[in-house]
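Enquirer: One file: structure04.cif (mmCIF, C-alpha atoms).
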```
data_final
#
loop_
_atom_site.label_atom_id
_atom_site.label_comp_id
_atom_site.auth_asym_id
_atom_site.auth_seq_id
_atom_site.Cartn_x
_atom_site.Cartn_y
_atom_site.Cartn_z
CA MET A 1 -10.40 133.40 38.50
CA CYS A 2 -8.98 131.48 35.53
CA TYR A 3 -8.47 128.38 37.71
CA LEU A 4 -12.03 128.57 38.99
CA LEU A 5 -13.29 128.77 35.42
CA ASP A 6 -11.11 125.80 34.44
CA GLY A 7 -12.69 123.76 37.23
CA LEU A 8 -16.19 124.66 36.08
CA TYR A 9 -15.29 123.82 32.47
CA ILE A 10 -13.85 120.43 33.52
CA LEU A 11 -17.03 119.64 35.45
CA ALA A 12 -19.14 120.59 32.45
CA SER A 13 -16.91 118.48 30.19
CA LEU A 14 -17.35 115.43 32.42
CA ILE A 15 -21.12 115.86 32.29
CA ALA A 16 -20.97 116.18 28.50
CA LEU A 17 -18.51 113.30 28.07
CA PRO A 18 -21.06 110.89 26.51
CA TRP A 19 -21.87 113.52 23.87
CA LEU A 20 -18.20 114.39 23.32
CA GLY A 21 -17.44 110.73 22.84
CA ARG A 22 -19.68 110.69 19.78
CA LYS A 23 -17.88 113.65 18.24
CA ARG A 24 -14.84 113.25 16.03
CA ARG A 25 -11.76 113.46 18.25
CA ALA A 26 -9.99 115.39 15.50
CA THR A 27 -12.54 118.16 16.00
CA TRP A 28 -12.38 118.71 19.74
CA TRP A 29 -9.07 117.32 21.00
CA PRO A 30 -6.87 120.09 19.43
CA ARG A 31 -9.24 122.64 20.91
CA PHE A 32 -8.63 121.17 24.36
CA TRP A 33 -4.88 121.90 24.16
CA GLY A 34 -5.02 125.03 22.00
CA PRO A 35 -3.12 125.69 18.78
CA GLY A 36 0.65 125.61 18.81
CA PRO A 37 3.05 127.18 16.30
CA ASN A 38 2.85 124.13 14.03
CA ASP A 39 -0.95 124.50 13.87
CA LEU A 40 -0.55 128.03 12.52
CA ALA A 41 1.38 127.15 9.39
CA PRO A 42 0.79 129.78 6.72
CA PRO A 43 -1.17 128.61 3.67
CA THR A 44 1.42 129.97 1.25
CA ASN A 45 4.93 128.77 0.60
CA ARG A 46 6.50 131.06 3.18
CA ASN A 47 9.02 129.36 5.45
CA ARG A 48 7.30 128.24 8.64
CA GLU A 49 10.54 128.22 10.65
CA SER A 50 11.43 131.80 9.84
CA ARG A 51 8.03 132.92 11.04
CA PHE A 52 7.55 131.04 14.28
CA SER A 53 10.98 130.11 15.60
CA PRO A 54 12.43 131.96 18.61
CA ASN A 55 14.69 133.77 16.18
CA SER A 56 11.80 135.04 14.07
CA ASP A 57 10.51 138.58 14.06
CA SER A 58 7.94 137.66 16.74
CA THR A 59 10.60 138.50 19.35
CA LEU A 60 11.31 141.95 17.93
CA PRO A 61 9.72 145.20 19.15
CA LEU A 62 6.60 146.05 17.17
CA ARG A 63 8.24 148.94 15.35
CA PHE A 64 10.61 146.42 13.72
CA ARG A 65 8.08 143.76 12.75
CA LYS A 66 4.67 143.32 11.24
CA ARG A 67 1.68 143.95 13.45
CA ARG A 68 -0.41 140.85 14.20
CA VAL A 69 -4.18 140.86 14.56
CA TRP A 70 -6.23 137.85 15.70
CA LEU A 71 -9.84 138.00 14.51
CA HIS A 72 -12.45 135.49 15.67
CA GLY A 73 -15.87 134.63 14.24
CA VAL A 74 -17.71 131.75 15.87
CA SER A 75 -19.51 130.48 12.75
CA LEU A 76 -20.43 131.20 9.15
CA GLY A 77 -22.22 134.53 9.66
CA GLU A 78 -19.50 135.98 11.87
CA VAL A 79 -16.79 134.86 9.43
CA HIS A 80 -18.62 136.78 6.71
CA VAL A 81 -18.62 139.85 8.98
CA LEU A 82 -14.84 139.56 9.32
CA HIS A 83 -14.53 139.21 5.56
CA ARG A 84 -16.19 142.60 5.18
CA LEU A 85 -13.74 144.16 7.64
CA VAL A 86 -10.37 142.62 6.77
CA PRO A 87 -9.99 143.89 3.17
CA GLU A 88 -10.34 147.50 4.32
CA LEU A 89 -7.94 146.92 7.21
CA ARG A 90 -5.46 145.42 4.75
CA ARG A 91 -5.83 148.37 2.43
CA GLN A 92 -5.17 150.93 5.14
CA PHE A 93 -2.63 148.94 7.15
CA PRO A 94 -0.74 146.71 4.70
CA GLU A 95 2.04 145.87 7.16
CA THR A 96 -0.26 143.62 9.18
CA GLU A 97 -0.57 139.85 9.52
CA PHE A 98 -4.05 138.48 10.10
CA PHE A 99 -4.87 135.31 12.03
CA ILE A 100 -8.46 134.08 11.67
CA SER A 101 -10.18 131.61 14.00
CA SER A 102 -13.60 130.01 13.98
CA THR A 103 -15.38 127.44 16.13
CA THR A 104 -17.71 125.48 13.87
CA ASP A 105 -16.77 123.23 10.96
CA THR A 106 -18.72 125.37 8.51
CA GLY A 107 -17.17 128.57 9.84
CA LEU A 108 -13.67 127.13 9.64
CA SER A 109 -14.19 125.84 6.10
CA GLU A 110 -15.52 129.20 4.95
CA ALA A 111 -12.70 131.08 6.69
CA ARG A 112 -10.14 128.95 4.87
CA ARG A 113 -11.85 129.74 1.59
CA LEU A 114 -12.23 133.48 2.17
CA PHE A 115 -8.85 134.04 3.87
CA SER A 116 -6.68 131.79 1.74
CA ASP A 117 -3.62 133.99 2.34
CA ALA A 118 -3.98 134.20 6.13
CA CYS A 119 -3.43 131.77 8.99
CA VAL A 120 -6.76 130.11 9.81
CA PHE A 121 -7.16 127.87 12.86
CA ARG A 122 -9.82 126.37 15.09
CA PHE A 123 -10.69 128.44 18.16
CA PRO A 124 -9.59 126.69 21.38
CA PHE A 125 -11.81 125.70 24.24
CA ASP A 126 -11.74 128.40 26.93
CA PHE A 127 -9.44 126.48 29.27
CA SER A 128 -6.68 128.79 30.51
CA TRP A 129 -3.87 126.56 29.19
CA ALA A 130 -5.46 126.29 25.73
CA VAL A 131 -6.05 130.04 25.47
CA GLU A 132 -2.57 130.85 26.78
CA ARG A 133 -0.98 128.47 24.25
CA ALA A 134 -2.94 130.19 21.47
CA LEU A 135 -1.88 133.65 22.64
CA ARG A 136 1.79 132.63 22.88
CA SER A 137 1.62 131.04 19.42
CA VAL A 138 -0.16 133.87 17.64
CA ARG A 139 1.44 136.71 19.67
CA PRO A 140 -1.32 139.16 18.66
CA ASP A 141 -1.03 142.90 19.12
CA LEU A 142 -4.82 143.18 18.87
CA ILE A 143 -7.76 140.76 19.20
CA VAL A 144 -11.00 141.47 17.33
CA LEU A 145 -14.11 139.49 18.29
CA ALA A 146 -17.15 139.43 16.01
CA GLU A 147 -20.51 140.05 17.70
CA SER A 148 -20.71 138.66 21.29
CA GLU A 149 -18.22 135.79 21.50
CA TRP A 150 -16.84 136.87 24.87
CA TRP A 151 -15.13 133.92 26.58
CA PRO A 152 -13.91 134.85 30.08
CA ASN A 153 -10.48 133.16 30.09
CA LEU A 154 -9.64 134.63 26.70
CA LEU A 155 -10.49 138.13 27.91
CA LEU A 156 -8.80 137.78 31.29
CA LEU A 157 -5.60 136.38 29.79
CA ALA A 158 -5.56 139.03 27.07
CA ARG A 159 -5.61 141.65 29.83
CA ARG A 160 -2.79 139.86 31.65
CA PHE A 161 -0.70 139.93 28.47
CA ARG A 162 -1.70 143.57 27.81
CA ILE A 163 -3.38 142.74 24.50
CA PRO A 164 -6.27 145.09 23.67
CA VAL A 165 -9.56 143.45 22.65
CA VAL A 166 -12.20 145.06 20.45
CA ALA A 167 -15.70 143.65 19.96
CA VAL A 168 -17.15 144.52 16.53
CA ASN A 169 -20.68 144.31 15.14
CA VAL A 170 -21.90 143.64 18.68
CA ARG A 171 -25.42 142.30 18.93
CA VAL A 172 -26.64 140.82 22.20
CA SER A 173 -29.75 138.70 21.68
CA PRO A 174 -32.57 138.63 24.25
CA THR A 175 -31.57 135.05 25.11
CA SER A 176 -27.99 136.09 25.82
CA ARG A 177 -29.14 139.05 27.87
CA GLN A 178 -31.24 136.77 30.02
CA ARG A 179 -28.29 134.41 30.47
CA TYR A 180 -25.95 137.24 31.48
CA ARG A 181 -28.55 138.50 33.92
CA TRP A 182 -28.12 135.32 35.99
CA PHE A 183 -24.47 136.17 36.76
CA ALA A 184 -24.20 139.86 35.88
CA SER A 185 -21.57 140.73 38.49
CA LEU A 186 -19.25 137.94 37.31
CA ALA A 187 -19.85 138.69 33.62
CA ARG A 188 -19.02 142.35 34.21
CA ARG A 189 -15.54 141.34 35.44
CA TRP A 190 -14.49 139.87 32.11
CA ILE A 191 -16.66 141.84 29.69
CA SER A 192 -15.28 145.09 31.13
CA THR A 193 -11.80 144.04 29.96
CA ILE A 194 -12.86 144.72 26.36
CA ALA A 195 -11.35 148.05 25.32
CA VAL A 196 -13.95 149.11 22.73
CA PHE A 197 -17.44 147.92 21.79
CA LEU A 198 -18.63 148.70 18.25
CA VAL A 199 -22.33 147.91 18.52
CA GLN A 200 -25.13 147.63 15.99
CA THR A 201 -27.94 149.47 17.77
CA GLN A 202 -28.58 151.89 20.61
CA GLU A 203 -30.48 149.08 22.34
CA ASP A 204 -27.27 147.03 22.46
CA ALA A 205 -25.38 150.07 23.78
CA ASP A 206 -27.99 150.66 26.50
CA TRP A 207 -27.72 147.05 27.67
CA LEU A 208 -23.94 147.30 27.99
CA ILE A 209 -24.26 150.54 29.94
CA GLN A 210 -26.76 148.85 32.29
CA LEU A 211 -24.22 146.06 32.77
CA GLY A 212 -21.73 148.67 33.96
CA ILE A 213 -19.59 149.31 30.88
CA ASP A 214 -18.17 152.82 30.50
CA PRO A 215 -20.30 154.60 27.83
CA GLY A 216 -17.14 156.21 26.44
CA ARG A 217 -16.01 152.78 25.19
CA ILE A 218 -19.27 152.06 23.34
CA HIS A 219 -19.92 153.29 19.79
CA VAL A 220 -23.11 152.68 17.78
CA LEU A 221 -22.07 152.08 14.16
CA GLY A 222 -24.87 150.00 12.64
CA SER A 223 -24.44 146.49 11.26
CA LEU A 224 -21.40 145.52 9.21
CA LYS A 225 -23.59 142.94 7.48
CA TYR A 226 -25.05 145.66 5.24
CA ASP A 227 -21.64 146.36 3.72
CA GLY A 228 -20.17 144.15 1.04
CA ASN A 229 -23.61 143.46 -0.44
CA SER A 230 -23.36 144.95 -3.91
CA GLY A 231 -26.79 143.67 -4.90
CA CYS A 232 -25.53 143.25 -8.46
CA ARG A 233 -27.33 140.39 -10.19
CA ASP A 234 -25.01 140.79 -13.18
CA ASP A 235 -22.06 139.56 -11.13
CA PRO A 236 -20.27 136.91 -13.27
CA SER A 237 -20.47 134.39 -10.43
CA ILE A 238 -24.24 134.79 -10.22
CA SER A 239 -24.57 134.56 -13.99
CA GLU A 240 -22.62 131.30 -13.89
CA LEU A 241 -24.90 129.95 -11.15
CA ARG A 242 -27.92 130.85 -13.26
CA ARG A 243 -26.43 128.91 -16.18
CA GLN A 244 -25.57 125.90 -14.02
CA PHE A 245 -29.00 125.87 -12.41
CA GLY A 246 -30.67 126.05 -15.83
CA ILE A 247 -32.87 129.03 -14.88
CA ARG A 248 -34.74 130.65 -17.76
CA THR A 249 -35.75 134.31 -17.90
CA ASP A 250 -39.46 133.42 -17.87
CA GLU A 251 -39.20 131.49 -14.58
CA VAL A 252 -39.84 132.76 -11.06
CA VAL A 253 -37.23 131.56 -8.58
CA TRP A 254 -38.23 130.98 -4.97
CA ILE A 255 -35.27 130.36 -2.67
CA CYS A 256 -35.68 128.99 0.85
CA GLY A 257 -32.35 129.63 2.54
CA SER A 258 -30.84 128.65 5.90
CA THR A 259 -33.82 126.42 6.61
CA GLN A 260 -34.30 124.26 9.70
CA ALA A 261 -35.85 120.80 10.03
CA GLU A 262 -39.45 121.99 10.43
CA GLU A 263 -39.25 124.43 7.52
CA GLU A 264 -38.37 122.28 4.50
CA PRO A 265 -41.63 120.26 4.73
CA ILE A 266 -43.57 123.51 4.91
CA ALA A 267 -41.76 124.87 1.85
CA LEU A 268 -42.40 121.66 -0.08
CA ASP A 269 -46.10 121.66 0.87
CA VAL A 270 -46.41 125.24 -0.39
CA TYR A 271 -44.49 124.49 -3.58
CA GLN A 272 -46.55 121.39 -4.40
CA SER A 273 -49.74 123.35 -3.83
CA LEU A 274 -48.73 126.31 -6.04
CA VAL A 275 -46.75 124.76 -8.89
CA ARG A 276 -49.93 123.38 -10.46
CA ASP A 277 -51.22 126.93 -10.98
CA PHE A 278 -47.79 128.48 -11.55
CA PRO A 279 -45.69 126.07 -13.63
CA GLU A 280 -43.01 128.73 -14.05
CA LEU A 281 -42.16 128.46 -10.32
CA ARG A 282 -38.70 127.07 -9.44
CA LEU A 283 -37.68 126.09 -5.91
CA ILE A 284 -34.14 126.17 -4.52
CA LEU A 285 -33.70 124.68 -1.04
CA VAL A 286 -30.64 125.59 1.05
CA PRO A 287 -30.64 123.82 4.44
CA ARG A 288 -28.70 125.60 7.16
CA HIS A 289 -26.70 122.60 8.40
CA PRO A 290 -24.64 120.32 6.10
CA GLU A 291 -25.41 117.23 8.18
CA ARG A 292 -29.06 117.56 7.13
CA PHE A 293 -28.50 117.52 3.36
CA ASP A 294 -29.23 113.79 3.10
CA GLU A 295 -32.28 114.13 5.36
CA VAL A 296 -33.81 116.76 3.07
CA ALA A 297 -32.96 114.67 0.00
CA SER A 298 -34.80 111.74 1.58
CA GLU A 299 -37.86 113.94 2.17
CA LEU A 300 -37.87 114.98 -1.49
CA GLU A 301 -37.60 111.34 -2.58
CA ARG A 302 -40.38 110.30 -0.20
CA ARG A 303 -42.69 112.82 -1.84
CA GLY A 304 -41.74 111.62 -5.32
CA LEU A 305 -40.43 115.05 -6.31
CA ALA A 306 -37.82 115.26 -9.05
CA PHE A 307 -34.83 117.26 -7.87
CA VAL A 308 -31.12 117.62 -8.40
CA ARG A 309 -28.39 118.17 -5.85
CA ARG A 310 -26.14 121.18 -6.29
CA SER A 311 -23.12 118.87 -6.10
CA ARG A 312 -24.42 116.90 -9.12
CA LEU A 313 -25.13 119.81 -11.43
CA GLY A 314 -21.79 119.58 -13.18
CA ILE A 315 -22.32 115.84 -13.64
CA ASP A 316 -26.06 115.68 -14.32
CA ALA A 317 -26.14 118.81 -16.45
CA ILE A 318 -29.24 117.83 -18.41
CA GLY A 319 -31.16 116.85 -15.28
CA GLY A 320 -30.14 120.08 -13.59
CA ALA A 321 -31.66 122.06 -16.45
CA THR A 322 -35.00 120.26 -16.41
CA ARG A 323 -35.79 119.48 -12.78
CA ARG A 324 -37.79 122.10 -10.98
CA ILE A 325 -36.20 121.73 -7.53
CA ILE A 326 -32.55 122.14 -6.62
CA LEU A 327 -31.18 121.03 -3.26
CA VAL A 328 -28.06 123.03 -2.45
CA ASP A 329 -25.77 120.61 -0.64
CA SER A 330 -22.76 122.92 -0.49
CA VAL A 331 -21.46 125.39 2.09
CA GLY A 332 -20.70 129.07 1.58
CA GLU A 333 -22.64 129.64 -1.66
CA LEU A 334 -25.90 131.02 -0.29
CA ARG A 335 -24.58 134.60 -0.35
CA LEU A 336 -24.39 134.38 -4.17
CA ILE A 337 -27.37 132.07 -4.64
CA TRP A 338 -29.63 134.73 -3.11
CA GLY A 339 -28.82 136.73 -6.27
CA LEU A 340 -31.02 134.31 -8.24
CA ALA A 341 -34.09 134.86 -6.07
CA ASP A 342 -37.27 136.59 -7.16
CA ILE A 343 -38.85 135.51 -3.86
CA ALA A 344 -36.76 134.70 -0.78
CA PHE A 345 -37.84 132.94 2.39
CA VAL A 346 -35.25 133.29 5.17
CA GLY A 347 -35.22 130.23 7.40
CA GLY A 348 -34.75 129.77 11.12
CA SER A 349 -37.78 131.99 11.57
CA LEU A 350 -40.74 129.59 11.70
CA ASP A 351 -39.40 126.95 14.09
CA GLY A 352 -39.37 129.20 17.17
CA ARG A 353 -35.91 128.12 18.29
CA ARG A 354 -33.27 129.63 16.01
CA GLY A 355 -34.30 133.30 16.06
CA GLY A 356 -33.91 133.92 12.35
CA GLN A 357 -31.05 134.10 9.86
CA ASN A 358 -29.52 136.91 7.83
CA MET A 359 -32.20 138.53 5.65
CA ILE A 360 -29.92 141.38 4.57
CA GLU A 361 -28.28 139.41 1.76
CA PRO A 362 -31.46 138.57 -0.20
CA ALA A 363 -32.76 142.09 0.44
CA SER A 364 -29.61 143.57 -1.10
CA TYR A 365 -30.37 141.80 -4.40
CA GLY A 366 -33.89 143.18 -4.53
CA ALA A 367 -35.65 139.90 -3.80
CA ALA A 368 -39.11 139.94 -2.27
CA VAL A 369 -38.12 138.88 1.24
CA LEU A 370 -40.32 136.81 3.57
CA PHE A 371 -39.57 135.46 7.05
CA GLY A 372 -41.45 134.00 9.99
CA PRO A 373 -42.30 135.66 13.32
CA HIS A 374 -39.31 134.30 15.26
CA THR A 375 -36.51 136.69 14.29
CA TRP A 376 -35.17 137.96 17.60
CA ASN A 377 -31.57 137.63 16.39
CA PHE A 378 -32.32 140.37 13.84
CA ARG A 379 -34.94 142.33 15.72
CA ALA A 380 -33.72 145.80 14.72
CA THR A 381 -33.21 144.83 11.06
CA VAL A 382 -36.66 143.25 10.87
CA ALA A 383 -38.33 146.31 12.39
CA GLN A 384 -36.60 148.60 9.88
CA LEU A 385 -37.38 146.36 6.89
CA LEU A 386 -41.05 146.15 7.83
CA GLN A 387 -41.26 149.90 8.43
CA ALA A 388 -39.73 150.52 4.99
CA ARG A 389 -42.19 148.06 3.41
CA ALA A 390 -39.15 146.14 2.27
CA ALA A 391 -40.14 142.69 3.57
CA ARG A 392 -43.13 140.72 4.79
CA GLU A 393 -43.55 138.65 7.93
CA VAL A 394 -45.57 135.44 7.71
CA ALA A 395 -47.07 133.84 10.79
CA ASP A 396 -47.19 130.19 9.76
CA ALA A 397 -47.34 127.73 6.85
CA SER A 398 -50.76 128.97 5.73
CA SER A 399 -49.74 132.62 5.59
CA LEU A 400 -46.50 131.67 3.79
CA HIS A 401 -48.61 129.94 1.15
CA ASP A 402 -50.86 132.98 0.79
CA ALA A 403 -47.92 135.38 0.58
CA ILE A 404 -46.17 133.36 -2.13
CA ARG A 405 -49.41 133.12 -4.12
CA GLN A 406 -49.95 136.89 -3.93
CA LEU A 407 -46.40 137.58 -5.10
CA LEU A 408 -46.80 135.16 -7.99
CA GLU A 409 -50.12 136.66 -9.02
CA ASP A 410 -48.88 140.26 -8.76
CA PRO A 411 -45.39 140.80 -10.26
CA VAL A 412 -45.69 144.57 -9.65
CA GLN A 413 -46.16 144.02 -5.91
CA ARG A 414 -43.22 141.63 -5.99
CA TRP A 415 -41.03 144.21 -7.73
CA HIS A 416 -41.96 147.01 -5.29
CA LEU A 417 -41.18 144.83 -2.28
CA GLY A 418 -37.79 143.90 -3.70
CA ASN A 419 -36.96 147.44 -4.81
CA ASN A 420 -37.75 148.80 -1.35
CA ALA A 421 -35.53 146.12 0.16
CA GLN A 422 -32.57 146.95 -2.06
CA ARG A 423 -32.87 150.68 -1.44
CA PHE A 424 -33.08 150.09 2.32
CA VAL A 425 -29.88 148.01 2.37
CA GLN A 426 -28.03 150.66 0.37
CA SER A 427 -29.14 153.33 2.83
CA GLN A 428 -27.64 151.41 5.76
CA GLN A 429 -24.16 150.84 4.35
CA GLY A 430 -20.97 152.44 5.68
CA ALA A 431 -20.49 150.65 9.01
CA VAL A 432 -17.27 148.97 7.85
CA GLN A 433 -15.55 152.29 7.22
CA ARG A 434 -16.78 153.63 10.55
CA ALA A 435 -15.44 150.50 12.28
CA VAL A 436 -12.03 150.85 10.62
CA GLU A 437 -11.85 154.45 11.76
CA ARG A 438 -12.42 153.31 15.36
CA LEU A 439 -9.91 150.49 15.02
CA ALA A 440 -7.22 152.77 13.57
CA ARG A 441 -6.11 153.92 17.01
CA PHE A 442 -4.95 150.36 17.73
CA PHE A 443 -2.64 150.39 14.71
CA ARG A 444 -0.25 152.93 16.18
CA PRO A 445 3.42 151.92 16.24
CA ASP A 446 3.37 151.17 19.96
CA PRO A 447 0.16 149.60 21.38
CA ALA A 448 1.58 150.11 24.90
CA SER A 449 0.69 153.78 24.47
CA LEU A 450 -2.98 152.87 24.32
CA PRO A 451 -5.15 153.27 27.40
CA SER A 452 -5.72 149.87 28.99
CA ALA A 453 -9.15 148.36 29.60
CA ALA A 454 -10.69 148.48 33.05
#
```
Would you mind writing the file out in structure tokens?
Expert:
Amino acid sequence: MCYLLDGLYILASLIALPWLGRKRRATWWPRFWGPGPNDLAPPTNRNRESRFSPNSDSTLPLRFRKRRVWLHGVSLGEVHVLHRLVPELRRQFPETEFFISSTTDTGLSEARRLFSDACVFRFPFDFSWAVERALRSVRPDLIVLAESEWWPNLLLLARRFRIPVVAVNVRVSPTSRQRYRWFASLARRWISTIAVFLVQTQEDADWLIQLGIDPGRIHVLGSLKYDGNSGCRDDPSISELRRQFGIRTDEVVWICGSTQAEEEPIALDVYQSLVRDFPELRLILVPRHPERFDEVASELERRGLAFVRRSRLGIDAIGGATRRIILVDSVGELRLIWGLADIAFVGGSLDGRRGGQNMIEPASYGAAVLFGPHTWNFRATVAQLLQARAAREVADASSLHDAIRQLLEDPVQRWHLGNNAQRFVQSQQGAVQRAVERLARFFRPDPASLPSAA
């Protein structure tokens, strides 16, 4: 089946060749061949040769060497999920080496920042030779996949090499379910190779059971994204951001995070309409994609709005303290920046294409959380937040304007909404520990003693 998949991938690559030609070769060419030992150089000063040569401990039985775990998160959100999981795994199983992969540029950059003492590499294309080269280079004893990144050649080759695979924080979106429905019998062949599914909701579990997965391999644990959110606004990093951003205690901070192209103009329209009546209002814009930073800056300039880029705050310190709008043109900071928010609008929810972004982080800080109606990627979380009166859904630009005005006019309502949000997040925590308990069985001295996947 691997050869058939390779043929389909090659055909798809030929069709996409004009698009691939516009991409940086340095980005996709290594993924075509897969990472070799030299691509997995450790970030520390440890000797590369002693680790990856044929005479290294990789050839020893597991009881005589460190266990190796390959964890994969496709992009920024999934990398953050892994970052919640790995510290607890390290604490309980210190004699383990972790290899982290990601697909996107932003995910890879964030993984290198968060896992500075681990091997971080770009996930290969799912060609059999690329995946096999990665498996032979990493030599993992366990593969952990965040959410639903289930590439068929990876799973089929992992089974051939008798490497158990665990899917954590599994969430299958309605779009993905529809896609799998087109080729359910084929998808079942590779998805059923996964040894354990740690899913977020019973709805996800039911879908897997309908696909034909053994219910005994499915465990509903909740979302790992709730863990690791302390919600502490007194964190020194957040206090430093507040100082750099020049935010005073009498100001109300509205953060629009993970926004898409259609959403920044809406946010700016609302801000320009309200700031005349509420001069204490500050706006912080955080576009989702780095390649759009300049585009959003151009929109601000076109409107004649004074703003400062995040990257210039250390240089234009005085301007950063006086300008009312900050454009965050950095990657990986939103998790902390949410800690400045009195009001939070979570992007990707008004455009009707993205399906929403993570609203758990602003909720954990007690911000008054708003999002649009298109949040199918977080359907269960949204339903729970709304039921707990811990967030508000806005239908369009007009209702976003009205909601912001109400929250500015009524600080008590704003506080109650944020307090409910923070309490809700705290009530949902604990999934990381439950996941580690399920993963512990794979950290036995001899993984060959584990039951194999179907």
Enquirer: I want to know what sits within 9 Å of stretch 414-417 of chain A, based on all atoms listed in the file, with residues of the same chain fewer than 2 positions away left out; could you give that as a ChimeraX atom specification?
Expert: /A:342-343,366-369,389-392,406-408,410-412,419-422
Enquirer: Please indicate the distance in Å from atom CA of A:Gly216 to atom CA of A:Ile194, rounded to one decimal place.
Expert: 12.3 Å
Enquirer: Near A:Arg217, within 7 Å and counting all atoms listed in the file, which residues show up once chain neighbours fewer than 5 positions away are dropped, as JSON, numbers by chain?
Expert: {"A": [195, 196, 197]}
Enquirer: Selected residues, C-alpha atoms, written as a tab-separated table (two decimals), in the coordinates of the input, please.
Expert:
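Everything below was put into selection_24.tsv:
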```
chain	number	residue	atom	x	y	z
A	195	ALA	CA	-11.35	148.05	25.32
A	196	VAL	CA	-13.95	149.11	22.73
A	197	PHE	CA	-17.44	147.92	21.79
```
Enquirer: As a list in words, please: the residues near A:Val170 (cut-off 7 Å, all atoms listed in the file, same-chain neighbours under 2 positions excluded).
Expert: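 So, after excluding close chain neighbours, the residues are Ala146, Glu147, Ser148, Ala167, Val168, Val172, Phe197, Leu198, Val199 and Gln200 of chain A.
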Enquirer: With the file shown as input, list the residues that the PyMOL selection byres ((chain A and resi 153-159) around 10) selects, as a VMD selection string.
Expert: chain A and resid 1 to 3 5 to 6 124 to 132 134 to 135 140 to 143 150 to 152 160 to 165 189 to 195 452 to 454
Enquirer: Report, in Å with one decimal, the straight-line distance from atom CA of A:Ala184 to atom CA of A:Gly7.
Expert: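 Computing it gives 19.8 Å between the two atoms.
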Enquirer: So how far away is atom CA of A:Thr381 from atom CA of A:Ile360, in Å?
Expert: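 Atom CA of A:Thr381 lies at a distance of 8.1 Å from atom CA of A:Ile360.
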Enquirer: Pull out every residue that the PyMOL selection byres ((chain A and resi 206) around 12) matches in the shown coordinates and put them as a ChimeraX atom specification.
Expert: /A:171-172,177,197,199-205,207-215,218-220
Enquirer: Carefully work through the PyMOL selection byres ((chain A and resi 261-278) around 7) for this structure and note down the residues it includes, as an MDAnalysis selection string.
Expert: chainID A and resid 259:260 279:281 350:351 397 401
Enquirer: Taking all atoms listed in the file into account, name the residue in A:Asn169, A:Leu386, A:Gly418, A:Phe443 that is nearest to A:Asp227.
Expert: A:Asn169
Enquirer: Env of A:Arg242: 12 Å cut, atoms = only C-alpha atoms, seq-sep filter 5 positions within chain, self excluded. Answer as a list in words.
Expert: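 Returned residues: Arg233, Asp234, Asp235, Pro236, Ser237, Ile247, Arg248, Thr249, Glu251, Val253, Ile284, Leu313, Gly320, Ala321, Ile326, Leu336, Ile337, Trp338, Gly339, Leu340 and Ala341 of chain A.
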Enquirer: What's the 12 Å shell around A:Gly348, counting only C-alpha atoms, without same-chain residues fewer than 3 positions away, as a ChimeraX atom specification?
Expert: /A:256-264,286-289,345,351-359,370-378
Enquirer: Between A:Ile255, A:Val382, A:Val432, A:Leu108, which is the closest to A:Pro87 once you count all atoms listed in the file?
Expert: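 Counting all atoms listed in the file, the residue closest to A:Pro87 is A:Val432.
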Enquirer: Check the smallest atom-to-atom distance from each of A:Phe293, A:Tyr226, A:Phe307, A:Phe245 to A:Ala363 using only C-alpha atoms, then report the winner.
Expert: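 Of the candidates, the smallest distance to A:Ala363 is held by A:Tyr226.
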Enquirer: Which one is closest to A:Val138: A:Arg434, A:Arg112, A:Arg282, A:Arg67? Count only C-alpha atoms.
Expert: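 Smallest separation from A:Val138 among the options: A:Arg67.
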Enquirer: Counting all atoms listed in the file, write as a short mmCIF file (atom, residue, chain, number, x, y, z; two decimals) with C-alpha atoms, in the coordinates of the input all protein and nucleic acid residues lying at most 12 Å from (-15.3, 130.8, 8.4) in the file's frame.
Expert:
```cif
data_model
loop_
_atom_site.label_atom_id
_atom_site.label_comp_id
_atom_site.auth_asym_id
_atom_site.auth_seq_id
_atom_site.Cartn_x
_atom_site.Cartn_y
_atom_site.Cartn_z
CA LEU A 71 -9.84 138.00 14.51
CA HIS A 72 -12.45 135.49 15.67
CA GLY A 73 -15.87 134.63 14.24
CA VAL A 74 -17.71 131.75 15.87
CA SER A 75 -19.51 130.48 12.75
CA LEU A 76 -20.43 131.20 9.15
CA GLY A 77 -22.22 134.53 9.66
CA GLU A 78 -19.50 135.98 11.87
CA VAL A 79 -16.79 134.86 9.43
CA HIS A 80 -18.62 136.78 6.71
CA VAL A 81 -18.62 139.85 8.98
CA LEU A 82 -14.84 139.56 9.32
CA HIS A 83 -14.53 139.21 5.56
CA PHE A 99 -4.87 135.31 12.03
CA ILE A 100 -8.46 134.08 11.67
CA SER A 101 -10.18 131.61 14.00
CA SER A 102 -13.60 130.01 13.98
CA THR A 103 -15.38 127.44 16.13
CA THR A 104 -17.71 125.48 13.87
CA ASP A 105 -16.77 123.23 10.96
CA THR A 106 -18.72 125.37 8.51
CA GLY A 107 -17.17 128.57 9.84
CA LEU A 108 -13.67 127.13 9.64
CA SER A 109 -14.19 125.84 6.10
CA GLU A 110 -15.52 129.20 4.95
CA ALA A 111 -12.70 131.08 6.69
CA ARG A 112 -10.14 128.95 4.87
CA ARG A 113 -11.85 129.74 1.59
CA LEU A 114 -12.23 133.48 2.17
CA PHE A 115 -8.85 134.04 3.87
CA SER A 116 -6.68 131.79 1.74
CA CYS A 119 -3.43 131.77 8.99
CA VAL A 120 -6.76 130.11 9.81
CA PHE A 121 -7.16 127.87 12.86
CA ARG A 122 -9.82 126.37 15.09
CA PHE A 123 -10.69 128.44 18.16
CA ALA A 146 -17.15 139.43 16.01
CA VAL A 331 -21.46 125.39 2.09
CA GLY A 332 -20.70 129.07 1.58
#
```
